[in-house]
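Peer 1: What follows is start-v4.tsv, TSV, C-alpha atoms.
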chain	number	residue	atom	x	y	z
A	18	MET	CA	-19.62	-2.62	-33.58
A	19	SER	CA	-17.87	0.63	-32.67
A	20	THR	CA	-14.60	0.63	-30.76
A	21	ILE	CA	-16.14	2.42	-27.77
A	22	VAL	CA	-19.03	-0.06	-27.55
A	23	ALA	CA	-16.58	-2.96	-27.71
A	24	GLU	CA	-14.48	-1.40	-24.93
A	25	GLN	CA	-17.58	-0.92	-22.79
A	26	ASN	CA	-18.44	-4.57	-23.25
A	27	TRP	CA	-15.12	-5.81	-21.87
A	28	ILE	CA	-15.44	-3.43	-18.93
A	29	GLU	CA	-18.92	-4.77	-18.21
A	30	ARG	CA	-17.57	-8.33	-18.31
A	31	LEU	CA	-14.81	-7.32	-15.89
A	32	ARG	CA	-17.35	-5.73	-13.54
A	33	LYS	CA	-19.68	-8.75	-13.71
A	34	LYS	CA	-16.85	-11.11	-12.83
A	35	GLY	CA	-15.93	-8.86	-9.92
A	36	MET	CA	-19.49	-8.91	-8.58
A	37	ASP	CA	-19.82	-12.67	-9.09
A	38	ASP	CA	-16.55	-13.23	-7.22
A	39	PHE	CA	-17.58	-10.87	-4.41
A	40	LEU	CA	-20.95	-12.60	-3.96
A	41	SER	CA	-19.21	-15.98	-4.00
A	42	LEU	CA	-16.52	-14.99	-1.49
A	43	GLY	CA	-18.54	-12.75	0.79
A	44	PHE	CA	-16.79	-10.65	3.41
A	45	PRO	CA	-13.72	-12.43	4.82
A	46	THR	CA	-13.90	-13.81	8.35
A	47	THR	CA	-11.27	-14.59	10.95
A	48	LYS	CA	-11.65	-18.27	10.06
A	49	LEU	CA	-9.58	-17.53	6.94
A	50	GLU	CA	-5.82	-17.69	7.54
A	51	ASP	CA	-5.13	-14.41	5.69
A	52	TRP	CA	-7.70	-12.60	7.87
A	53	LYS	CA	-7.00	-14.43	11.11
A	54	TYR	CA	-6.22	-11.28	13.12
A	55	THR	CA	-8.45	-8.80	11.28
A	56	ASN	CA	-12.17	-8.87	12.01
A	57	VAL	CA	-14.03	-6.91	9.33
A	58	ALA	CA	-17.40	-7.32	11.08
A	59	PRO	CA	-17.60	-3.53	11.73
A	60	ILE	CA	-17.42	-2.98	7.96
A	61	ARG	CA	-19.96	-5.71	7.25
A	62	ARG	CA	-22.41	-4.27	9.82
A	63	THR	CA	-22.21	-0.71	8.48
A	64	THR	CA	-24.56	0.46	5.71
A	65	PHE	CA	-22.65	2.62	3.28
A	66	ILE	CA	-24.45	5.11	1.03
A	67	ASN	CA	-23.60	7.98	-1.32
A	68	GLY	CA	-20.16	6.74	-2.25
A	69	SER	CA	-17.96	9.48	-3.62
A	70	PHE	CA	-14.38	9.85	-4.74
A	71	ALA	CA	-12.78	13.26	-5.21
A	72	PRO	CA	-9.38	13.20	-6.92
A	73	ARG	CA	-7.30	16.33	-6.46
A	74	PHE	CA	-3.99	16.57	-8.25
A	75	SER	CA	-1.93	19.04	-10.24
A	76	THR	CA	-1.80	18.59	-13.98
A	77	PRO	CA	1.84	17.99	-15.02
A	78	ASP	CA	3.62	20.02	-17.65
A	79	ALA	CA	2.48	18.75	-21.05
A	80	ARG	CA	6.12	18.72	-22.16
A	81	LEU	CA	6.69	15.74	-19.86
A	82	ASN	CA	4.80	13.63	-22.40
A	83	ILE	CA	3.04	11.48	-19.82
A	84	HIS	CA	-0.64	10.57	-19.79
A	85	LEU	CA	-2.32	11.44	-16.48
A	86	LEU	CA	-6.11	11.60	-16.44
A	87	PRO	CA	-9.17	10.14	-14.72
A	88	LEU	CA	-9.62	6.48	-15.52
A	89	SER	CA	-13.18	7.15	-16.75
A	90	GLU	CA	-11.83	9.55	-19.39
A	91	ALA	CA	-8.97	7.26	-20.38
A	92	LEU	CA	-11.45	4.47	-21.10
A	93	GLN	CA	-13.15	6.72	-23.65
A	94	ASP	CA	-9.87	7.47	-25.44
A	95	PRO	CA	-9.22	4.84	-28.15
A	96	GLU	CA	-5.43	5.34	-27.92
A	97	ARG	CA	-5.41	4.78	-24.16
A	98	SER	CA	-8.15	2.17	-23.90
A	99	SER	CA	-6.12	-0.46	-25.74
A	100	VAL	CA	-3.30	-0.14	-23.18
A	101	ILE	CA	-5.82	-0.19	-20.32
A	102	LYS	CA	-7.39	-3.38	-21.66
A	103	ASP	CA	-3.97	-5.08	-21.55
A	104	HIS	CA	-3.54	-4.32	-17.84
A	105	LEU	CA	-6.75	-3.42	-15.99
A	106	GLY	CA	-7.85	-6.43	-13.98
A	107	ARG	CA	-4.90	-8.52	-15.19
A	108	HIS	CA	-2.75	-8.08	-12.07
A	109	VAL	CA	-5.49	-8.58	-9.42
A	110	ASP	CA	-7.13	-11.93	-8.72
A	111	THR	CA	-10.71	-11.10	-7.75
A	112	SER	CA	-11.46	-14.76	-7.11
A	113	ARG	CA	-9.22	-14.66	-4.03
A	114	HIS	CA	-9.78	-11.20	-2.55
A	115	ALA	CA	-13.33	-10.09	-1.71
A	116	PHE	CA	-12.58	-6.37	-1.39
A	117	ALA	CA	-10.73	-6.30	-4.72
A	118	ALA	CA	-13.72	-8.06	-6.28
A	119	TRP	CA	-16.07	-5.48	-4.76
A	120	ASN	CA	-13.94	-2.64	-6.09
A	121	THR	CA	-13.85	-4.19	-9.56
A	122	ALA	CA	-17.64	-4.50	-9.61
A	123	VAL	CA	-18.52	-0.95	-8.54
A	124	PHE	CA	-15.59	1.44	-9.15
A	125	SER	CA	-16.64	4.59	-10.99
A	126	ASP	CA	-13.32	6.36	-11.39
A	127	GLY	CA	-9.71	6.59	-10.38
A	128	VAL	CA	-6.41	7.56	-11.94
A	129	TYR	CA	-4.77	6.38	-15.13
A	130	LEU	CA	-1.06	7.16	-15.42
A	131	GLU	CA	1.00	6.06	-18.40
A	132	ILE	CA	4.69	6.91	-18.76
A	133	PRO	CA	5.86	6.33	-22.34
A	134	ARG	CA	9.06	4.55	-23.18
A	135	GLY	CA	12.22	6.38	-22.17
A	136	VAL	CA	10.45	9.27	-20.41
A	137	ILE	CA	12.09	10.38	-17.15
A	138	CYS	CA	9.96	12.49	-14.80
A	139	GLU	CA	12.24	14.43	-12.50
A	140	GLN	CA	9.40	15.88	-10.40
A	141	PRO	CA	7.13	13.59	-8.34
A	142	ILE	CA	3.48	13.17	-9.28
A	143	HIS	CA	1.15	13.67	-6.30
A	144	LEU	CA	-2.32	12.09	-6.18
A	145	ASP	CA	-4.61	13.10	-3.29
A	146	PHE	CA	-7.67	10.95	-2.62
A	147	VAL	CA	-10.03	12.86	-0.34
A	148	ALA	CA	-12.95	11.04	1.30
A	149	ALA	CA	-15.81	13.50	1.84
A	150	GLY	CA	-19.52	12.81	2.03
A	151	SER	CA	-22.74	13.20	3.99
A	152	ASN	CA	-23.24	12.53	7.69
A	153	ALA	CA	-24.31	8.95	6.93
A	154	PRO	CA	-21.56	6.36	6.32
A	155	TRP	CA	-20.41	6.18	2.73
A	156	ALA	CA	-17.94	4.21	0.65
A	157	CYS	CA	-15.54	5.16	-2.13
A	158	HIS	CA	-13.81	2.70	-4.44
A	159	PRO	CA	-10.86	4.34	-6.27
A	160	ARG	CA	-9.33	2.25	-9.05
A	161	ASN	CA	-5.86	3.21	-10.28
A	162	LEU	CA	-3.73	1.91	-13.11
A	163	ILE	CA	-0.05	2.81	-13.49
A	164	VAL	CA	1.78	1.72	-16.66
A	165	ALA	CA	5.51	2.50	-16.92
A	166	GLY	CA	7.00	2.02	-20.38
A	167	GLN	CA	10.43	0.58	-21.07
A	168	ASP	CA	13.33	2.52	-19.47
A	169	SER	CA	10.98	5.16	-18.03
A	170	GLN	CA	11.33	6.62	-14.52
A	171	ILE	CA	8.79	8.22	-12.22
A	172	THR	CA	8.09	9.04	-8.56
A	173	LEU	CA	4.45	8.68	-7.52
A	174	VAL	CA	2.85	9.72	-4.22
A	175	GLU	CA	-0.66	8.51	-3.29
A	176	SER	CA	-2.21	10.17	-0.23
A	177	PHE	CA	-5.52	9.08	1.32
A	178	ILE	CA	-7.09	11.78	3.50
A	179	GLY	CA	-10.41	11.80	5.35
A	180	SER	CA	-12.68	14.21	7.18
A	181	ASP	CA	-12.35	14.24	10.95
A	182	ASP	CA	-14.52	11.72	12.84
A	183	ASP	CA	-16.51	10.65	9.74
A	184	VAL	CA	-17.41	6.99	9.32
A	185	TYR	CA	-16.68	5.74	5.81
A	186	LEU	CA	-14.89	3.05	3.82
A	187	THR	CA	-12.09	3.59	1.33
A	188	ASN	CA	-11.70	0.42	-0.73
A	189	THR	CA	-8.93	1.08	-3.24
A	190	VAL	CA	-7.15	-1.03	-5.84
A	191	THR	CA	-3.95	0.05	-7.62
A	192	GLU	CA	-2.35	-2.00	-10.40
A	193	ILE	CA	1.22	-1.20	-11.43
A	194	ALA	CA	2.83	-2.56	-14.61
A	195	VAL	CA	6.57	-1.82	-14.72
A	196	GLY	CA	8.10	-2.31	-18.16
A	197	PRO	CA	11.64	-3.53	-18.96
A	198	GLY	CA	14.27	-1.36	-17.32
A	199	ALA	CA	11.67	1.02	-15.88
A	200	VAL	CA	12.03	2.52	-12.38
A	201	ILE	CA	9.14	3.50	-10.07
A	202	ASP	CA	9.48	5.11	-6.65
A	203	TYR	CA	6.02	4.62	-5.15
A	204	TYR	CA	4.61	6.11	-1.93
A	205	LYS	CA	1.29	5.30	-0.28
A	206	ILE	CA	0.40	7.51	2.69
A	207	GLU	CA	-2.76	6.65	4.62
A	208	ARG	CA	-4.20	9.40	6.87
A	209	GLU	CA	-7.86	8.49	7.08
A	210	SER	CA	-10.37	9.63	9.72
A	211	PRO	CA	-9.92	7.95	13.14
A	212	ARG	CA	-13.30	6.24	12.60
A	213	ALA	CA	-12.76	5.22	8.98
A	214	PHE	CA	-12.11	1.84	7.38
A	215	HIS	CA	-9.35	1.60	4.79
A	216	VAL	CA	-8.74	-1.46	2.62
A	217	ALA	CA	-6.09	-1.30	-0.11
A	218	VAL	CA	-4.84	-3.79	-2.67
A	219	ILE	CA	-1.68	-2.85	-4.58
A	220	ASN	CA	-0.46	-5.36	-7.15
A	221	ALA	CA	2.67	-4.80	-9.22
A	222	HIS	CA	4.24	-6.78	-12.05
A	223	LEU	CA	7.89	-6.15	-12.95
A	224	ALA	CA	9.43	-7.01	-16.32
A	225	ARG	CA	13.10	-7.67	-17.03
A	226	ASP	CA	15.51	-5.37	-15.12
A	227	ALA	CA	12.60	-3.31	-13.77
A	228	ASN	CA	12.86	-1.68	-10.34
A	229	LEU	CA	10.10	-0.81	-7.86
A	230	THR	CA	10.60	0.86	-4.48
A	231	SER	CA	7.45	0.99	-2.36
A	232	HIS	CA	6.91	3.00	0.83
A	233	SER	CA	3.71	2.20	2.76
A	234	MET	CA	2.90	4.59	5.62
A	235	SER	CA	-0.19	4.20	7.84
A	236	PHE	CA	-1.11	6.89	10.36
A	237	GLY	CA	-4.93	6.93	10.48
A	238	GLY	CA	-8.08	4.86	10.30
A	239	SER	CA	-9.89	2.66	12.77
A	240	LEU	CA	-9.33	-0.53	10.77
A	241	VAL	CA	-6.68	-0.57	8.04
A	242	ARG	CA	-5.74	-3.45	5.76
A	243	ASN	CA	-2.94	-3.11	3.21
A	244	ASP	CA	-2.28	-5.92	0.71
A	245	LEU	CA	0.85	-5.42	-1.38
A	246	ASN	CA	1.75	-8.09	-3.92
A	247	VAL	CA	4.75	-7.88	-6.25
A	248	VAL	CA	5.56	-10.31	-9.04
A	249	LEU	CA	9.20	-10.21	-10.14
A	250	GLY	CA	8.31	-11.52	-13.56
A	251	GLY	CA	11.47	-10.57	-15.41
A	252	GLU	CA	15.07	-11.65	-15.02
A	253	GLY	CA	17.16	-9.13	-13.10
A	254	SER	CA	14.17	-7.29	-11.64
A	255	HIS	CA	14.31	-5.83	-8.12
A	256	CYS	CA	11.87	-4.51	-5.54
A	257	THR	CA	12.30	-2.75	-2.19
A	258	LEU	CA	9.31	-2.72	0.16
A	259	ASN	CA	9.49	-0.34	3.12
A	260	GLY	CA	6.64	0.12	5.57
A	261	LEU	CA	5.85	2.07	8.74
A	262	PHE	CA	2.62	1.90	10.72
A	263	VAL	CA	1.65	3.49	14.03
A	264	VAL	CA	-1.40	2.54	16.09
A	265	ASP	CA	-2.93	3.64	19.37
A	266	GLY	CA	-6.31	3.54	21.10
A	267	GLN	CA	-8.12	0.47	19.77
A	268	ARG	CA	-7.03	0.89	16.16
A	269	LEU	CA	-5.83	-2.00	14.02
A	270	VAL	CA	-3.42	-1.94	11.06
A	271	ASP	CA	-2.87	-5.15	9.09
A	272	ASN	CA	-0.11	-5.36	6.48
A	273	HIS	CA	0.01	-8.36	4.16
A	274	THR	CA	2.78	-8.52	1.57
A	275	ARG	CA	3.81	-11.13	-0.97
A	276	ILE	CA	6.81	-11.13	-3.30
A	277	ASP	CA	6.83	-13.75	-6.04
A	278	HIS	CA	10.28	-14.45	-7.51
A	279	VAL	CA	9.36	-15.97	-10.87
A	280	ARG	CA	12.53	-15.46	-12.95
A	281	PRO	CA	16.28	-15.89	-12.26
A	282	HIS	CA	18.63	-13.26	-10.82
A	283	ALA	CA	15.86	-11.18	-9.24
A	284	SER	CA	16.27	-9.60	-5.81
A	285	SER	CA	14.09	-8.11	-3.10
A	286	ARG	CA	14.54	-6.22	0.16
A	287	GLU	CA	11.75	-5.70	2.68
A	288	LEU	CA	11.60	-3.78	5.97
A	289	TYR	CA	8.35	-3.12	7.85
A	290	LYS	CA	8.28	-1.35	11.21
A	291	GLY	CA	5.41	-0.90	13.63
A	292	VAL	CA	5.05	1.40	16.65
A	293	LEU	CA	2.13	0.45	18.88
A	294	ALA	CA	0.60	2.18	21.90
A	295	GLY	CA	-2.59	2.00	23.98
A	296	SER	CA	-4.64	-1.07	23.04
A	297	GLY	CA	-3.65	-0.82	19.41
A	298	GLU	CA	-3.12	-3.95	17.31
A	299	GLY	CA	-0.78	-4.55	14.42
A	300	VAL	CA	-0.33	-7.38	11.94
A	301	PHE	CA	2.52	-8.10	9.56
A	302	ASN	CA	2.24	-11.13	7.32
A	303	GLY	CA	4.96	-11.15	4.69
A	304	ALA	CA	5.58	-13.98	2.25
A	305	ILE	CA	8.48	-14.40	-0.15
A	306	ALA	CA	7.85	-17.14	-2.72
A	307	VAL	CA	10.74	-18.42	-4.83
A	308	HIS	CA	9.46	-20.36	-7.83
A	309	GLU	CA	11.16	-23.35	-9.43
A	310	ASN	CA	12.84	-21.42	-12.25
A	311	ALA	CA	13.99	-18.51	-10.06
A	312	GLN	CA	17.58	-19.53	-9.43
A	313	LYS	CA	20.04	-16.97	-8.01
A	314	THR	CA	17.23	-15.28	-6.09
A	315	ASP	CA	18.45	-12.84	-3.43
A	316	ALA	CA	15.78	-11.94	-0.87
A	317	VAL	CA	15.89	-10.37	2.61
A	318	GLN	CA	12.88	-9.58	4.81
A	319	HIS	CA	12.65	-7.94	8.25
A	320	SER	CA	9.72	-7.14	10.54
A	321	LYS	CA	10.57	-4.94	13.54
A	322	ASN	CA	8.07	-3.71	16.12
A	323	LEU	CA	8.16	-1.41	19.14
A	324	LEU	CA	5.51	-1.72	21.87
A	325	LEU	CA	4.91	1.38	24.00
A	326	SER	CA	2.30	-0.16	26.33
A	327	ARG	CA	1.43	-3.49	27.94
A	328	GLU	CA	-1.91	-3.63	26.12
A	329	ALA	CA	-0.55	-3.14	22.60
A	330	GLN	CA	-0.35	-6.27	20.46
A	331	ILE	CA	1.57	-7.26	17.34
A	332	ASN	CA	1.21	-10.46	15.33
A	333	THR	CA	4.09	-10.89	12.92
A	334	LYS	CA	4.55	-13.78	10.51
A	335	PRO	CA	7.40	-13.57	7.98
A	336	GLN	CA	7.39	-16.53	5.58
A	337	LEU	CA	9.65	-18.11	2.98
A	338	GLU	CA	8.35	-20.48	0.31
A	339	ILE	CA	11.40	-21.79	-1.55
A	340	ARG	CA	11.19	-24.17	-4.52
A	341	ASN	CA	14.76	-23.69	-5.78
A	342	ASN	CA	18.01	-24.58	-4.01
A	343	ASP	CA	20.25	-22.04	-5.73
A	344	VAL	CA	19.07	-19.01	-3.75
A	345	ARG	CA	20.06	-16.65	-0.91
A	346	CYS	CA	17.09	-15.88	1.33
A	347	PHE	CA	16.80	-14.55	4.87
A	348	HIS	CA	13.98	-13.31	7.07
A	349	GLY	CA	13.53	-12.24	10.66
A	350	ALA	CA	11.13	-10.66	13.14
A	351	ALA	CA	11.75	-8.63	16.29
A	352	ILE	CA	9.44	-7.28	19.00
A	353	GLY	CA	10.57	-5.09	21.86
A	354	GLN	CA	9.93	-2.14	24.13
A	355	ILE	CA	11.75	1.13	24.69
A	356	ASP	CA	15.16	0.44	26.18
A	357	THR	CA	14.97	1.69	29.79
A	358	GLU	CA	18.74	1.88	30.00
A	359	ALA	CA	18.83	4.14	26.95
A	360	VAL	CA	16.16	6.36	28.54
A	361	PHE	CA	18.18	6.49	31.77
A	362	TYR	CA	21.34	7.39	29.85
A	363	LEU	CA	19.64	10.26	28.04
A	364	LYS	CA	18.07	11.53	31.27
A	365	SER	CA	21.51	11.48	32.89
A	366	ARG	CA	22.61	13.89	30.16
A	367	GLY	CA	19.90	16.37	31.17
A	368	ILE	CA	17.25	15.30	28.66
A	369	ALA	CA	13.68	15.11	29.96
A	370	GLU	CA	12.08	11.67	30.00
A	371	TRP	CA	9.47	12.68	27.37
A	372	ASP	CA	12.20	13.93	25.05
A	373	ALA	CA	14.29	10.84	25.68
A	374	LYS	CA	11.44	8.54	24.63
A	375	ARG	CA	10.66	10.75	21.64
A	376	ILE	CA	14.28	10.54	20.48
A	377	LEU	CA	14.30	6.76	20.75
A	378	VAL	CA	10.95	6.32	18.96
A	379	SER	CA	12.00	8.76	16.25
A	380	GLY	CA	15.25	6.86	15.81
A	381	PHE	CA	13.34	3.59	15.47
A	382	ALA	CA	10.97	5.00	12.83
A	383	GLY	CA	13.74	7.00	11.18
A	384	GLU	CA	15.24	3.93	9.51
A	385	VAL	CA	12.17	3.89	7.25
A	386	ILE	CA	11.44	7.62	7.04
A	387	ASP	CA	15.04	8.51	6.21
A	388	SER	CA	14.91	6.25	3.16
A	389	ILE	CA	12.31	8.53	1.53
A	390	ARG	CA	13.81	10.47	-1.34
A	391	VAL	CA	11.10	13.16	-1.67
A	392	SER	CA	12.02	15.79	0.91
A	393	ALA	CA	8.48	17.22	1.19
A	394	VAL	CA	7.08	13.76	1.92
A	395	ARG	CA	9.86	12.99	4.37
A	396	ASP	CA	9.22	16.25	6.27
A	397	GLN	CA	5.48	15.55	6.33
A	398	LEU	CA	5.98	12.09	7.80
A	399	GLU	CA	8.38	13.36	10.44
A	400	HIS	CA	5.73	15.90	11.44
A	401	LEU	CA	3.01	13.21	11.53
A	402	MET	CA	5.24	10.99	13.64
A	403	GLU	CA	5.92	13.80	16.09
A	404	GLY	CA	2.21	14.66	16.33
A	405	TRP	CA	1.23	11.05	16.85
A	406	PHE	CA	3.73	10.54	19.67
A	407	GLN	CA	2.56	13.76	21.34
A	408	SER	CA	-1.06	12.53	21.26
A	409	VAL	CA	-0.02	9.18	22.75
A	410	LEU	CA	1.72	10.83	25.69
A	411	GLU	CA	-1.27	13.12	26.30
A	412	ALA	CA	-3.79	10.24	26.20
Take the structure in this file and express it as structure tokens.
Peer 2:
Amino acid sequence: MSTIVAEQNWIERLRKKGMDDFLSLGFPTTKLEDWKYTNVAPIRRTTFINGSFAPRFSTPDARLNIHLLPLSEALQDPERSSVIKDHLGRHVDTSRHAFAAWNTAVFSDGVYLEIPRGVICEQPIHLDFVAAGSNAPWACHPRNLIVAGQDSQITLVESFIGSDDDVYLTNTVTEIAVGPGAVIDYYKIERESPRAFHVAVINAHLARDANLTSHSMSFGGSLVRNDLNVVLGGEGSHCTLNGLFVVDGQRLVDNHTRIDHVRPHASSRELYKGVLAGSGEGVFNGAIAVHENAQKTDAVQHSKNLLLSREAQINTKPQLEIRNNDVRCFHGAAIGQIDTEAVFYLKSRGIAEWDAKRILVSGFAGEVIDSIRVSAVRDQLEHLMEGWFQSVLEA
């Protein structure tokens, strides 16, 4: 049997398992604890056709010695396919997540990025996923695999963009394998159509002394669900999870995160912030699990939310699951409104009320935005934040 035929066989087995799991699970309902506040009935009722995925990215300088190509092409490359087989589908449990199972069963393409051992990429890699199709609703299922070799370093930016007012589903899965001592600065920016559905599963596994910093930013979509799961599988590994989501109208953004501390001396920091207006709804469900052998764990988690209207709602549920006594763990949640005394103070200094509120909202979101190291991305998000607040005031 040829190598290519053998590789196709394992892919077909992976797809079949994904479809079997999806048919077994069905679409999640609000009766499930993990989907308690997110009703996916609008997705289930919509008939999606003509799924398409259009990747648009710049080819990096070949001297960087990284492998960046469509996943479909990488699977046909014998040198790459062996690495893919070690990781694709290994970091996502399709038996527990219906949308991940659906993606696994039907994905046609995506991005494969491999950073060899010791390679340091000084310039960020940008991946733009553009949803574009016919007038009828459609679905796209991007599948991405990121493999960072030992002691490598890279900055990766994923942007999801949609056509105005189109109805479609983006159902994406990204698996990230971070080798020993490797460093990844990862950005996910969601700017889908106001009528679109966006479901994302990002699963990362960190080896010894590996470091992952994740920035999740949600600005679009009618219904958005982000699942981010990180396994600190090596001693001394560290992850930082930062998130910012803004909602208005009747939009809903649901962020579920889970950090599994599996080995000793690992650490994690997490900060998610939400700004909600109109009748928008937000969800933050963050779990930190400390396993039995994960002594000397150091974990801190915060959820902070700002409500700009009486109708806006936020459901926040930080969780700690601790099975080891030799740890330092802390979590907290806060919900509030714009400080009227702060607005009054700024107005007394000659600042208009609109500008006063804008300054306070920008300051609240700035704690997350200012942590972004890529200046072009930081400027873009500041512009998006300004535009969103302007639209809220004009509504």
Peer 1: Find, counting only C-alpha atoms, the residue in A:Asp181, A:Asp126, A:Glu358, A:Asp168 that gets nearest to Arg225 in chain A.
Peer 2: A:Asp168
Peer 1: Can you tell me how far CA of Val360 in chain A sits from CA of Asp265 in chain A, in Å to one decimal?
Peer 2: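 Interatomic distance here is 21.4 Å.
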Peer 1: For a quick check of understanding, using only C-alpha atoms, which of A:Ala199, A:Cys157, A:Leu258, A:Ala329 has the smallest distance to Ala213 in chain A?
Peer 2: A:Cys157
Peer 1: Find the residue from A:Phe116, A:Phe124, A:Ala227, A:Asp244 that sits nearest to Gln170 in chain A; use all atoms listed in the file when measuring.
Peer 2: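 Closest residue, counting all atoms listed in the file: A:Ala227.
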Peer 1: Between A:Lys313, A:His215, A:His232, A:His222, which one has atoms that come closest to Leu269 in chain A, using all atoms listed in the file?
Peer 2: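 Smallest distance to Leu269 in chain A is found for A:His215.
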Peer 1: For the point (13.1, 0.5, -19.0) in file coordinates, what residues are within 9 Å, counting all atoms listed in the file? Give the answer as a PyMOL selection string?
Peer 2: chain A and resi 134-135+165-170+195-200+224-228
Peer 1: Tell me, in Å to one decimal, how far CA of Gln93 in chain A is from CA of Val109 in chain A.
Peer 2: 22.3 Å
Peer 1: CA of Arg395 in chain A and CA of Glu207 in chain A are how many Å apart?
Peer 2: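 Straight-line distance from CA of Arg395 in chain A to CA of Glu207 in chain A works out to 14.1 Å.
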Peer 1: Need to verify the contact set: range 355-357 of chain A, 12 Å, only C-alpha atoms, exclusion of same-chain residues closer than 4 positions in sequence. Can you return it as number ranges by chain?
Peer 2: A: 292-294, 322-327, 361-364, 370, 373-381
Peer 1: Would you list the contacts of range 335-347 of chain A as a PDB file with C-alpha atoms, in the frame of the given file, taking every protein, DNA or RNA residue within 8 Å and counting only C-alpha atoms, but skipping same-chain residues closer than 4 positions in sequence?
Peer 2:
ATOM      1  CA  PHE A 301       2.520  -8.100   9.560  1.00  0.00           C
ATOM      2  CA  ASN A 302       2.240 -11.130   7.320  1.00  0.00           C
ATOM      3  CA  GLY A 303       4.960 -11.150   4.690  1.00  0.00           C
ATOM      4  CA  ALA A 304       5.580 -13.980   2.250  1.00  0.00           C
ATOM      5  CA  ILE A 305       8.480 -14.400  -0.150  1.00  0.00           C
ATOM      6  CA  ALA A 306       7.850 -17.140  -2.720  1.00  0.00           C
ATOM      7  CA  VAL A 307      10.740 -18.420  -4.830  1.00  0.00           C
ATOM      8  CA  HIS A 308       9.460 -20.360  -7.830  1.00  0.00           C
ATOM      9  CA  GLU A 309      11.160 -23.350  -9.430  1.00  0.00           C
ATOM     10  CA  ASN A 310      12.840 -21.420 -12.250  1.00  0.00           C
ATOM     11  CA  ALA A 311      13.990 -18.510 -10.060  1.00  0.00           C
ATOM     12  CA  GLN A 312      17.580 -19.530  -9.430  1.00  0.00           C
ATOM     13  CA  LYS A 313      20.040 -16.970  -8.010  1.00  0.00           C
ATOM     14  CA  THR A 314      17.230 -15.280  -6.090  1.00  0.00           C
ATOM     15  CA  ASP A 315      18.450 -12.840  -3.430  1.00  0.00           C
ATOM     16  CA  ALA A 316      15.780 -11.940  -0.870  1.00  0.00           C
ATOM     17  CA  VAL A 317      15.890 -10.370   2.610  1.00  0.00           C
ATOM     18  CA  GLN A 318      12.880  -9.580   4.810  1.00  0.00           C
ATOM     19  CA  HIS A 319      12.650  -7.940   8.250  1.00  0.00           C
ATOM     20  CA  SER A 320       9.720  -7.140  10.540  1.00  0.00           C
TER      21      SER A 320
END
Peer 1: Would you please work out which residue, of A:Ser239, A:Trp155, A:Gly251, A:Ile219, is nearest to Thr274 in chain A when using all atoms listed in the file?
Peer 2: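 For Thr274 in chain A, the nearest of the given residues is A:Ile219.
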Peer 1: Could I see range 311-322 of chain A restored to N, CA and C atoms, set down as an mmCIF file, in the coordinates of the input?
Peer 2:
data_model
loop_
_atom_site.group_PDB
_atom_site.id
_atom_site.type_symbol
_atom_site.label_atom_id
_atom_site.label_comp_id
_atom_site.auth_asym_id
_atom_site.auth_seq_id
_atom_site.Cartn_x
_atom_site.Cartn_y
_atom_site.Cartn_z
ATOM 1 N N ALA A 311 13.443 -19.788 -10.537
ATOM 2 C CA ALA A 311 13.990 -18.510 -10.060
ATOM 3 C C ALA A 311 15.332 -18.715 -9.350
ATOM 4 N N GLN A 312 16.277 -19.343 -10.029
ATOM 5 C CA GLN A 312 17.580 -19.530 -9.430
ATOM 6 C C GLN A 312 18.299 -18.193 -9.272
ATOM 7 N N LYS A 313 19.269 -18.179 -8.341
ATOM 8 C CA LYS A 313 20.040 -16.970 -8.010
ATOM 9 C C LYS A 313 19.168 -15.873 -7.401
ATOM 10 N N THR A 314 18.055 -16.253 -6.807
ATOM 11 C CA THR A 314 17.230 -15.280 -6.090
ATOM 12 C C THR A 314 17.978 -14.771 -4.864
ATOM 13 N N ASP A 315 17.837 -13.467 -4.596
ATOM 14 C CA ASP A 315 18.450 -12.840 -3.430
ATOM 15 C C ASP A 315 17.361 -12.058 -2.708
ATOM 16 N N ALA A 316 16.916 -12.554 -1.553
ATOM 17 C CA ALA A 316 15.780 -11.940 -0.870
ATOM 18 C C ALA A 316 16.048 -11.819 0.623
ATOM 19 N N VAL A 317 15.724 -10.633 1.177
ATOM 20 C CA VAL A 317 15.890 -10.370 2.610
ATOM 21 C C VAL A 317 14.622 -9.676 3.112
ATOM 22 N N GLN A 318 14.117 -10.137 4.244
ATOM 23 C CA GLN A 318 12.880 -9.580 4.810
ATOM 24 C C GLN A 318 13.029 -9.401 6.318
ATOM 25 N N HIS A 319 12.602 -8.214 6.814
ATOM 26 C CA HIS A 319 12.650 -7.940 8.250
ATOM 27 C C HIS A 319 11.331 -7.316 8.697
ATOM 28 N N SER A 320 10.861 -7.754 9.856
ATOM 29 C CA SER A 320 9.720 -7.140 10.540
ATOM 30 C C SER A 320 10.200 -6.741 11.932
ATOM 31 N N LYS A 321 10.109 -5.435 12.252
ATOM 32 C CA LYS A 321 10.570 -4.940 13.540
ATOM 33 C C LYS A 321 9.462 -4.102 14.175
ATOM 34 N N ASN A 322 9.224 -4.328 15.467
ATOM 35 C CA ASN A 322 8.070 -3.710 16.120
ATOM 36 C C ASN A 322 8.427 -3.225 17.516
#
